[in-house]
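Here is protein-v2.txt, consisting of compact mmCIF, C-alpha atoms:
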```txt
# COMPACT_ATOMS: atom_id res chain seq x y z
CA ASP D 1 65.73 74.70 230.56
CA ILE D 2 68.15 76.46 228.21
CA LEU D 3 66.62 79.65 226.84
CA MET D 4 67.38 80.45 223.22
CA THR D 5 67.08 84.10 222.16
CA GLN D 6 67.18 85.19 218.53
CA THR D 7 67.74 88.62 217.05
CA PRO D 8 66.26 90.21 215.11
CA LEU D 9 62.72 88.83 215.22
CA SER D 10 62.08 90.17 211.75
CA SER D 11 64.56 90.95 209.01
CA PRO D 12 63.70 92.71 205.78
CA VAL D 13 66.22 91.69 203.14
CA THR D 14 67.01 92.45 199.51
CA LEU D 15 67.37 89.70 196.93
CA GLY D 16 71.02 89.05 196.20
CA GLN D 17 72.16 90.70 199.41
CA PRO D 18 73.48 88.94 202.52
CA ALA D 19 71.44 88.28 205.65
CA SER D 20 72.43 87.36 209.17
CA ILE D 21 70.54 86.02 212.20
CA SER D 22 71.90 85.77 215.72
CA CYS D 23 71.09 83.28 218.43
CA ARG D 24 72.19 83.40 222.05
CA SER D 25 71.76 80.64 224.61
CA SER D 26 71.27 81.19 228.34
CA GLN D 27 74.15 78.81 229.07
CA SER D 28 77.01 77.22 227.19
CA LEU D 29 76.00 74.64 224.61
CA VAL D 30 79.27 72.74 224.87
CA HIS D 31 78.39 69.17 225.77
CA SER D 32 80.52 67.02 228.08
CA ASP D 33 81.74 65.24 224.93
CA GLY D 34 83.30 68.52 223.79
CA LYS D 35 80.88 69.09 220.91
CA THR D 36 78.33 71.88 220.56
CA TYR D 37 74.85 70.85 219.51
CA LEU D 38 73.40 73.98 217.96
CA SER D 39 71.22 73.64 214.86
CA TRP D 40 69.30 75.94 212.54
CA LEU D 41 65.91 75.17 211.01
CA GLN D 42 64.06 76.89 208.19
CA GLN D 43 60.27 76.95 208.00
CA ARG D 44 58.71 78.08 204.75
CA PRO D 45 55.07 79.21 204.81
CA GLY D 46 52.71 76.27 205.26
CA GLN D 47 55.55 73.76 205.63
CA PRO D 48 57.08 71.87 208.54
CA PRO D 49 60.50 73.03 209.69
CA ARG D 50 63.51 71.79 207.72
CA LEU D 51 66.97 71.10 209.12
CA LEU D 52 69.59 73.42 207.58
CA ILE D 53 72.64 73.38 209.83
CA TYR D 54 73.74 71.12 212.70
CA LYS D 55 76.68 71.20 215.12
CA ILE D 56 77.03 74.97 214.56
CA SER D 57 78.29 74.84 210.98
CA ASP D 58 77.61 71.49 209.26
CA ARG D 59 75.17 71.85 206.38
CA PHE D 60 72.53 69.12 206.16
CA SER D 61 72.16 67.14 202.96
CA GLY D 62 70.84 69.23 200.06
CA VAL D 63 71.26 72.60 201.77
CA PRO D 64 72.76 75.23 199.44
CA ASP D 65 76.22 76.48 200.32
CA ARG D 66 74.96 80.06 200.58
CA PHE D 67 73.85 79.04 204.09
CA SER D 68 76.57 78.98 206.73
CA GLY D 69 76.70 78.79 210.49
CA SER D 70 79.27 79.97 212.99
CA GLY D 71 79.76 80.67 216.66
CA ALA D 72 80.80 79.06 219.90
CA GLY D 73 79.74 78.72 223.52
CA THR D 74 76.59 80.82 223.80
CA ASP D 75 76.65 82.98 220.65
CA PHE D 76 75.82 81.73 217.20
CA THR D 77 75.07 83.14 213.76
CA LEU D 78 73.34 81.95 210.63
CA LYS D 79 74.40 83.73 207.45
CA ILE D 80 72.94 83.68 203.98
CA SER D 81 75.51 84.95 201.52
CA ARG D 82 73.02 86.03 198.83
CA VAL D 83 69.34 85.85 199.64
CA GLU D 84 67.07 84.17 197.09
CA ALA D 85 63.28 84.35 196.89
CA GLU D 86 62.92 80.77 198.15
CA ASP D 87 64.66 81.77 201.41
CA VAL D 88 61.56 83.60 202.65
CA GLY D 89 60.31 82.06 205.88
CA VAL D 90 61.06 81.78 209.57
CA TYR D 91 64.41 80.60 210.88
CA TYR D 92 64.88 78.92 214.25
CA CYS D 93 67.94 78.03 216.25
CA MET D 94 67.70 74.90 218.37
CA GLN D 95 69.88 73.28 221.02
CA THR D 96 70.14 69.55 221.61
CA THR D 97 73.02 69.70 224.09
CA GLN D 98 70.75 69.34 227.09
CA PHE D 99 67.23 68.01 227.60
CA PRO D 100 64.69 69.33 227.10
CA ILE D 101 65.47 70.34 223.53
CA THR D 102 64.66 74.04 223.17
CA PHE D 103 64.14 76.41 220.27
CA GLY D 104 64.55 80.10 219.64
CA GLN D 105 61.43 82.16 219.05
CA GLY D 106 62.13 82.47 215.34
CA THR D 107 63.31 85.17 212.93
CA ARG D 108 61.08 86.05 210.00
CA LEU D 109 63.00 86.75 206.80
CA GLU D 110 61.03 89.04 204.49
CA ILE D 111 61.95 90.21 201.04
CA GLN I 1 63.94 58.31 201.53
CA VAL I 2 62.26 58.54 204.92
CA GLN I 3 58.65 59.69 204.98
CA LEU I 4 56.47 60.39 207.99
CA GLN I 5 52.70 60.44 207.49
CA GLN I 6 50.62 61.84 210.31
CA SER I 7 46.96 61.15 211.04
CA GLY I 8 44.45 62.05 213.70
CA PRO I 9 41.51 64.31 214.53
CA GLY I 10 41.69 68.07 214.15
CA LEU I 11 39.28 68.84 216.97
CA VAL I 12 39.39 67.57 220.55
CA LYS I 13 37.10 68.54 223.43
CA PRO I 14 38.56 69.93 226.66
CA SER I 15 39.43 67.26 229.27
CA GLN I 16 39.58 64.56 226.59
CA THR I 17 42.62 62.81 225.10
CA LEU I 18 44.44 64.00 221.99
CA SER I 19 45.70 61.04 219.97
CA LEU I 20 47.86 61.24 216.83
CA THR I 21 49.72 58.65 214.80
CA CYS I 22 52.89 58.92 212.71
CA ALA I 23 53.42 56.20 210.11
CA ILE I 24 57.02 55.62 209.06
CA SER I 25 58.29 54.57 205.64
CA GLY I 26 61.93 54.23 204.66
CA ASP I 27 63.07 53.48 208.22
CA SER I 28 62.02 51.33 211.18
CA VAL I 29 60.46 52.42 214.44
CA SER I 30 62.66 49.74 216.02
CA SER I 31 65.92 51.14 214.59
CA ASN I 32 68.60 51.34 217.27
CA THR I 33 70.24 54.42 215.76
CA VAL I 34 67.36 56.91 215.72
CA ALA I 35 64.59 58.26 217.95
CA TRP I 36 61.03 59.26 217.12
CA ASN I 37 59.77 62.56 218.43
CA TRP I 38 56.66 64.69 218.82
CA ILE I 39 56.94 68.47 218.62
CA ARG I 40 54.19 71.07 218.63
CA GLN I 41 53.99 74.66 217.44
CA SER I 42 51.64 77.41 218.55
CA PRO I 43 51.72 81.21 218.31
CA SER I 44 51.92 81.51 222.10
CA ARG I 45 54.53 78.82 222.83
CA GLY I 46 56.50 78.62 219.57
CA LEU I 47 58.17 75.29 218.85
CA GLU I 48 57.96 72.94 221.83
CA TRP I 49 59.54 69.50 222.02
CA LEU I 50 57.13 67.11 223.75
CA GLY I 51 58.87 63.77 223.89
CA ARG I 52 60.33 60.79 222.08
CA THR I 53 60.49 57.01 221.96
CA TYR I 54 63.46 54.92 220.90
CA TYR I 55 64.74 51.36 220.93
CA ARG I 56 68.14 50.37 222.33
CA SER I 57 67.70 46.67 223.12
CA LYS I 58 64.56 47.77 224.94
CA TRP I 59 62.15 50.67 224.59
CA TYR I 60 62.78 54.04 226.20
CA ASN I 61 60.80 57.27 226.44
CA ASP I 62 61.76 60.83 227.31
CA TYR I 63 59.14 63.49 227.98
CA ALA I 64 59.15 67.25 228.49
CA LEU I 65 58.42 68.16 232.11
CA SER I 66 55.66 70.52 230.98
CA VAL I 67 53.53 67.58 229.77
CA LYS I 68 55.10 64.61 231.57
CA SER I 69 52.05 63.86 233.71
CA ARG I 70 49.74 63.79 230.67
CA ILE I 71 51.73 62.33 227.77
CA THR I 72 52.38 58.87 226.43
CA ILE I 73 54.32 58.04 223.24
CA ASN I 74 54.00 54.44 222.07
CA PRO I 75 55.73 52.54 219.29
CA ASP I 76 53.74 50.08 217.17
CA THR I 77 56.17 47.68 215.56
CA SER I 78 53.48 45.74 213.69
CA LYS I 79 52.50 48.87 211.75
CA ASN I 80 55.90 50.63 211.84
CA GLN I 81 54.45 53.73 213.44
CA PHE I 82 54.34 55.58 216.72
CA SER I 83 51.64 57.50 218.48
CA LEU I 84 51.10 60.47 220.77
CA HIS I 85 48.48 60.50 223.50
CA LEU I 86 47.99 63.68 225.49
CA ASN I 87 45.24 63.51 228.09
CA SER I 88 43.26 66.13 229.99
CA VAL I 89 43.71 68.66 227.19
CA THR I 90 42.84 72.33 227.54
CA PRO I 91 42.68 75.13 224.96
CA GLU I 92 46.39 75.73 225.76
CA ASP I 93 47.11 72.46 223.89
CA THR I 94 45.79 73.91 220.64
CA ALA I 95 48.72 73.72 218.22
CA VAL I 96 50.12 72.14 215.09
CA TYR I 97 51.62 68.81 216.09
CA TYR I 98 54.58 67.34 214.20
CA CYS I 99 56.34 64.01 214.36
CA SER I 100 60.03 63.92 213.54
CA ARG I 101 63.07 61.68 213.51
CA ASP I 102 66.38 62.35 215.17
CA ARG I 103 69.72 60.62 214.69
CA GLY I 104 71.06 61.66 218.04
CA ARG I 105 72.13 65.03 219.41
CA ALA I 106 74.10 65.91 216.30
CA VAL I 107 71.46 65.46 213.61
CA ALA I 108 68.16 66.16 215.26
CA PHE I 109 64.89 66.38 213.36
CA ASP I 110 66.15 65.54 209.89
CA TYR I 111 62.73 64.33 208.74
CA TRP I 112 59.32 65.74 209.68
CA GLY I 113 55.71 64.79 209.24
CA GLN I 114 53.39 67.15 207.43
CA GLY I 115 51.85 68.47 210.67
CA ASN I 116 48.42 68.03 212.28
CA PRO I 117 46.58 71.19 213.32
CA VAL I 118 44.66 70.34 216.50
CA THR I 119 42.12 72.63 218.14
CA VAL I 120 40.92 72.01 221.67
CA SER I 121 37.42 73.39 221.93
CA SER I 122 33.96 72.34 223.05
```
Render the structure in this file as structure tokens.
Amino acid sequence: DILMTQTPLSSPVTLGQPASISCRSSQSLVHSDGKTYLSWLQQRPGQPPRLLIYKISDRFSGVPDRFSGSGAGTDFTLKISRVEAEDVGVYYCMQTTQFPITFGQGTRLEI
Amino acid sequence: QVQLQQSGPGLVKPSQTLSLTCAISGDSVSSNTVAWNWIRQSPSRGLEWLGRTYYRSKWYNDYALSVKSRITINPDTSKNQFSLHLNSVTPEDTAVYYCSRDRGRAVAFDYWGQGNPVTVSS
């Protein structure tokens, strides 16, 4: 299985300031079709996870443009340009390049 | 708008079978462009993908190796829903269980059910 490792596990942030979360995979996430299937999920307290970003940097429908994703191969980053109060929660990276689908352990964003 | 409504018991005894249902609205369990998944979340294991069912001229299933000997995911076309059955449960299976849709590798888990907390205890 591909191991997904996130850093940090907890991130205190200030409203209006940027935030960044890193995710590293134990092997390359480049699929044989040439694409990289790395996604980011957000989980607010008491809610199911919500898809934010897919294929490294594509924002899902309705996701604010303050969220952006980048990276390649085994190293990926989620950035929030200006943190808002509604961004509090846990963020997970996820790979769907290879079965089984695996998730990072989560990064808690705290104001 | 796709909606997934989960149902099932919140308490299961050890060695028994955990059964949950996910009712779909706004899409079809028989769609040949999506798959229907079960995922669970616990403090000890984090988010864990369990398996999926999908239709591509016939029905297919994929299961995580960790539960493959104990899991069945079945579609129910008459009710437009799908179910999870996990047998021989132990306290390690205590988790919040979610159903979710995926549109392939690229757009995985775009819609989620509300979650079912399940405790395995006598």
Inset, instruction - Find the residues near range 85-91 of chain D: any atom within 6 Å, counting only C-alpha atoms, skip ones fewer than 5 places away on the same chain, and give them as a PyMOL selection string. - result: chain D and resi 41-44+106-110
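Taking all atoms listed in the file into account, chain I lies nearest to D:Ile101 out of the set D:Cys93, D:Ile111, D:Ile101, D:Ala72.
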Sorted by chain and rising residue number, which residues of chain I lie within 6 Å of chain D, and what are their closest atom pairs and distances in Å to one decimal, counting all atoms listed in the file, as a tab-separated table?
```
residue	atom	partner	partner_atom	distance
I:Arg105	CA	D:Thr96	CA	5.4
I:Ala106	CA	D:Tyr37	CA	5.9
I:Asp110	CA	D:Leu51	CA	5.7
```
Inset, instruction - Could you please give me, as a ChimeraX atom specification, the residues of protein, DNA or RNA lying at most 6 Å from (57.3, 64.9, 218.1) in the coordinate frame of the file, considering only C-alpha atoms? - result: /I:37-39,98-100
Inset, instruction - Kindly indicate which residue among D:Trp40, D:Gln6, D:Lys79, D:Pro12 lies nearest to Ser26 in chain D, using all atoms listed in the file for the distances. - result: D:Gln6
How would range 23-37 of chain D of the given structure read as a file with all heavy atoms, as a PDB file, in the first residue's frame?
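To be explicit, this is the file written out as part.pdb:
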```
ATOM      1  N   CYS D  23       2.314  16.963   2.098  1.00  0.00           N
ATOM      2  CA  CYS D  23       1.956  15.549   2.010  1.00  0.00           C
ATOM      3  C   CYS D  23       3.025  14.847   1.170  1.00  0.00           C
ATOM      4  O   CYS D  23       3.374  15.321   0.083  1.00  0.00           O
ATOM      5  CB  CYS D  23       0.578  15.401   1.364  1.00  0.00           C
ATOM      6  SG  CYS D  23       0.056  13.709   1.037  1.00  0.00           S
ATOM      7  N   ARG D  24       3.521  13.754   1.702  1.00  0.00           N
ATOM      8  CA  ARG D  24       4.528  12.983   0.971  1.00  0.00           C
ATOM      9  C   ARG D  24       4.047  11.542   0.828  1.00  0.00           C
ATOM     10  O   ARG D  24       3.565  10.947   1.802  1.00  0.00           O
ATOM     11  CB  ARG D  24       5.857  13.023   1.712  1.00  0.00           C
ATOM     12  CG  ARG D  24       6.962  12.184   1.079  1.00  0.00           C
ATOM     13  CD  ARG D  24       8.307  12.513   1.682  1.00  0.00           C
ATOM     14  NE  ARG D  24       8.775  13.821   1.241  1.00  0.00           N
ATOM     15  CZ  ARG D  24       9.923  14.360   1.614  1.00  0.00           C
ATOM     16  NH1 ARG D  24      10.724  13.725   2.458  1.00  0.00           N
ATOM     17  NH2 ARG D  24      10.284  15.549   1.165  1.00  0.00           N
ATOM     18  N   SER D  25       4.203  10.984  -0.350  1.00  0.00           N
ATOM     19  CA  SER D  25       3.817   9.600  -0.590  1.00  0.00           C
ATOM     20  C   SER D  25       5.046   8.700  -0.595  1.00  0.00           C
ATOM     21  O   SER D  25       6.151   9.145  -0.924  1.00  0.00           O
ATOM     22  CB  SER D  25       3.060   9.464  -1.911  1.00  0.00           C
ATOM     23  OG  SER D  25       3.837   9.953  -2.989  1.00  0.00           O
ATOM     24  N   SER D  26       4.849   7.439  -0.233  1.00  0.00           N
ATOM     25  CA  SER D  26       5.964   6.495  -0.125  1.00  0.00           C
ATOM     26  C   SER D  26       6.480   6.042  -1.499  1.00  0.00           C
ATOM     27  O   SER D  26       7.560   5.454  -1.591  1.00  0.00           O
ATOM     28  CB  SER D  26       5.554   5.276   0.704  1.00  0.00           C
ATOM     29  OG  SER D  26       4.465   4.613   0.107  1.00  0.00           O
ATOM     30  N   GLN D  27       5.686   6.315  -2.535  1.00  0.00           N
ATOM     31  CA  GLN D  27       6.161   6.068  -3.902  1.00  0.00           C
ATOM     32  C   GLN D  27       5.478   7.043  -4.850  1.00  0.00           C
ATOM     33  O   GLN D  27       4.495   7.693  -4.478  1.00  0.00           O
ATOM     34  CB  GLN D  27       5.911   4.617  -4.325  1.00  0.00           C
ATOM     35  CG  GLN D  27       4.458   4.194  -4.306  1.00  0.00           C
ATOM     36  CD  GLN D  27       4.316   2.690  -4.462  1.00  0.00           C
ATOM     37  OE1 GLN D  27       4.468   1.930  -3.509  1.00  0.00           O
ATOM     38  NE2 GLN D  27       4.042   2.257  -5.686  1.00  0.00           N
ATOM     39  N   SER D  28       6.010   7.163  -6.044  1.00  0.00           N
ATOM     40  CA  SER D  28       5.480   8.129  -6.993  1.00  0.00           C
ATOM     41  C   SER D  28       3.994   7.895  -7.250  1.00  0.00           C
ATOM     42  O   SER D  28       3.549   6.746  -7.361  1.00  0.00           O
ATOM     43  CB  SER D  28       6.238   8.039  -8.312  1.00  0.00           C
ATOM     44  OG  SER D  28       5.631   8.861  -9.284  1.00  0.00           O
ATOM     45  N   LEU D  29       3.256   8.998  -7.344  1.00  0.00           N
ATOM     46  CA  LEU D  29       1.824   8.911  -7.621  1.00  0.00           C
ATOM     47  C   LEU D  29       1.508   9.124  -9.099  1.00  0.00           C
ATOM     48  O   LEU D  29       0.351   9.312  -9.468  1.00  0.00           O
ATOM     49  CB  LEU D  29       1.066   9.935  -6.770  1.00  0.00           C
ATOM     50  CG  LEU D  29       1.154   9.739  -5.258  1.00  0.00           C
ATOM     51  CD1 LEU D  29       0.246  10.745  -4.545  1.00  0.00           C
ATOM     52  CD2 LEU D  29       0.795   8.314  -4.858  1.00  0.00           C
ATOM     53  N   VAL D  30       2.520   9.092  -9.934  1.00  0.00           N
ATOM     54  CA  VAL D  30       2.286   9.214 -11.372  1.00  0.00           C
ATOM     55  C   VAL D  30       1.749   7.891 -11.896  1.00  0.00           C
ATOM     56  O   VAL D  30       2.388   6.848 -11.797  1.00  0.00           O
ATOM     57  CB  VAL D  30       3.569   9.593 -12.131  1.00  0.00           C
ATOM     58  CG1 VAL D  30       3.280   9.704 -13.624  1.00  0.00           C
ATOM     59  CG2 VAL D  30       4.150  10.895 -11.599  1.00  0.00           C
ATOM     60  N   HIS D  31       0.556   7.939 -12.436  1.00  0.00           N
ATOM     61  CA  HIS D  31      -0.095   6.739 -12.978  1.00  0.00           C
ATOM     62  C   HIS D  31       0.503   6.398 -14.347  1.00  0.00           C
ATOM     63  O   HIS D  31       1.156   7.237 -14.981  1.00  0.00           O
ATOM     64  CB  HIS D  31      -1.597   7.014 -13.085  1.00  0.00           C
ATOM     65  CG  HIS D  31      -2.426   5.811 -13.386  1.00  0.00           C
ATOM     66  ND1 HIS D  31      -2.788   5.481 -14.673  1.00  0.00           N
ATOM     67  CD2 HIS D  31      -2.963   4.868 -12.578  1.00  0.00           C
ATOM     68  CE1 HIS D  31      -3.518   4.377 -14.642  1.00  0.00           C
ATOM     69  NE2 HIS D  31      -3.634   3.994 -13.382  1.00  0.00           N
ATOM     70  N   SER D  32       0.250   5.196 -14.812  1.00  0.00           N
ATOM     71  CA  SER D  32       0.739   4.785 -16.131  1.00  0.00           C
ATOM     72  C   SER D  32       0.135   5.631 -17.247  1.00  0.00           C
ATOM     73  O   SER D  32       0.681   5.668 -18.362  1.00  0.00           O
ATOM     74  CB  SER D  32       0.427   3.308 -16.364  1.00  0.00           C
ATOM     75  OG  SER D  32      -0.947   3.053 -16.224  1.00  0.00           O
ATOM     76  N   ASP D  33      -0.985   6.327 -16.955  1.00  0.00           N
ATOM     77  CA  ASP D  33      -1.569   7.207 -17.970  1.00  0.00           C
ATOM     78  C   ASP D  33      -0.917   8.594 -17.977  1.00  0.00           C
ATOM     79  O   ASP D  33      -1.334   9.484 -18.707  1.00  0.00           O
ATOM     80  CB  ASP D  33      -3.082   7.334 -17.790  1.00  0.00           C
ATOM     81  CG  ASP D  33      -3.500   7.995 -16.485  1.00  0.00           C
ATOM     82  OD1 ASP D  33      -2.621   8.523 -15.767  1.00  0.00           O
ATOM     83  OD2 ASP D  33      -4.696   7.998 -16.158  1.00  0.00           O
ATOM     84  N   GLY D  34       0.078   8.778 -17.113  1.00  0.00           N
ATOM     85  CA  GLY D  34       0.820  10.033 -17.071  1.00  0.00           C
ATOM     86  C   GLY D  34       0.256  11.060 -16.098  1.00  0.00           C
ATOM     87  O   GLY D  34       0.887  12.082 -15.851  1.00  0.00           O
ATOM     88  N   LYS D  35      -0.916  10.784 -15.550  1.00  0.00           N
ATOM     89  CA  LYS D  35      -1.540  11.736 -14.625  1.00  0.00           C
ATOM     90  C   LYS D  35      -1.227  11.355 -13.177  1.00  0.00           C
ATOM     91  O   LYS D  35      -0.905  10.199 -12.885  1.00  0.00           O
ATOM     92  CB  LYS D  35      -3.056  11.775 -14.847  1.00  0.00           C
ATOM     93  CG  LYS D  35      -3.430  12.245 -16.240  1.00  0.00           C
ATOM     94  CD  LYS D  35      -4.935  12.162 -16.481  1.00  0.00           C
ATOM     95  CE  LYS D  35      -5.245  12.552 -17.930  1.00  0.00           C
ATOM     96  NZ  LYS D  35      -6.673  12.370 -18.255  1.00  0.00           N
ATOM     97  N   THR D  36      -1.367  12.332 -12.298  1.00  0.00           N
ATOM     98  CA  THR D  36      -1.087  12.135 -10.878  1.00  0.00           C
ATOM     99  C   THR D  36      -2.367  12.326 -10.087  1.00  0.00           C
ATOM    100  O   THR D  36      -2.951  13.407 -10.090  1.00  0.00           O
ATOM    101  CB  THR D  36      -0.008  13.124 -10.407  1.00  0.00           C
ATOM    102  OG1 THR D  36       1.178  12.928 -11.180  1.00  0.00           O
ATOM    103  CG2 THR D  36       0.299  12.903  -8.930  1.00  0.00           C
ATOM    104  N   TYR D  37      -2.780  11.282  -9.393  1.00  0.00           N
ATOM    105  CA  TYR D  37      -4.078  11.287  -8.721  1.00  0.00           C
ATOM    106  C   TYR D  37      -3.918  11.531  -7.218  1.00  0.00           C
ATOM    107  O   TYR D  37      -4.050  10.627  -6.399  1.00  0.00           O
ATOM    108  CB  TYR D  37      -4.820  10.001  -9.024  1.00  0.00           C
ATOM    109  CG  TYR D  37      -5.120   9.857 -10.503  1.00  0.00           C
ATOM    110  CD1 TYR D  37      -4.415   8.957 -11.307  1.00  0.00           C
ATOM    111  CD2 TYR D  37      -6.093  10.664 -11.100  1.00  0.00           C
ATOM    112  CE1 TYR D  37      -4.684   8.850 -12.665  1.00  0.00           C
ATOM    113  CE2 TYR D  37      -6.360  10.556 -12.455  1.00  0.00           C
ATOM    114  CZ  TYR D  37      -5.653   9.650 -13.233  1.00  0.00           C
ATOM    115  OH  TYR D  37      -5.925   9.561 -14.581  1.00  0.00           O
TER     116      TYR D  37
END
```
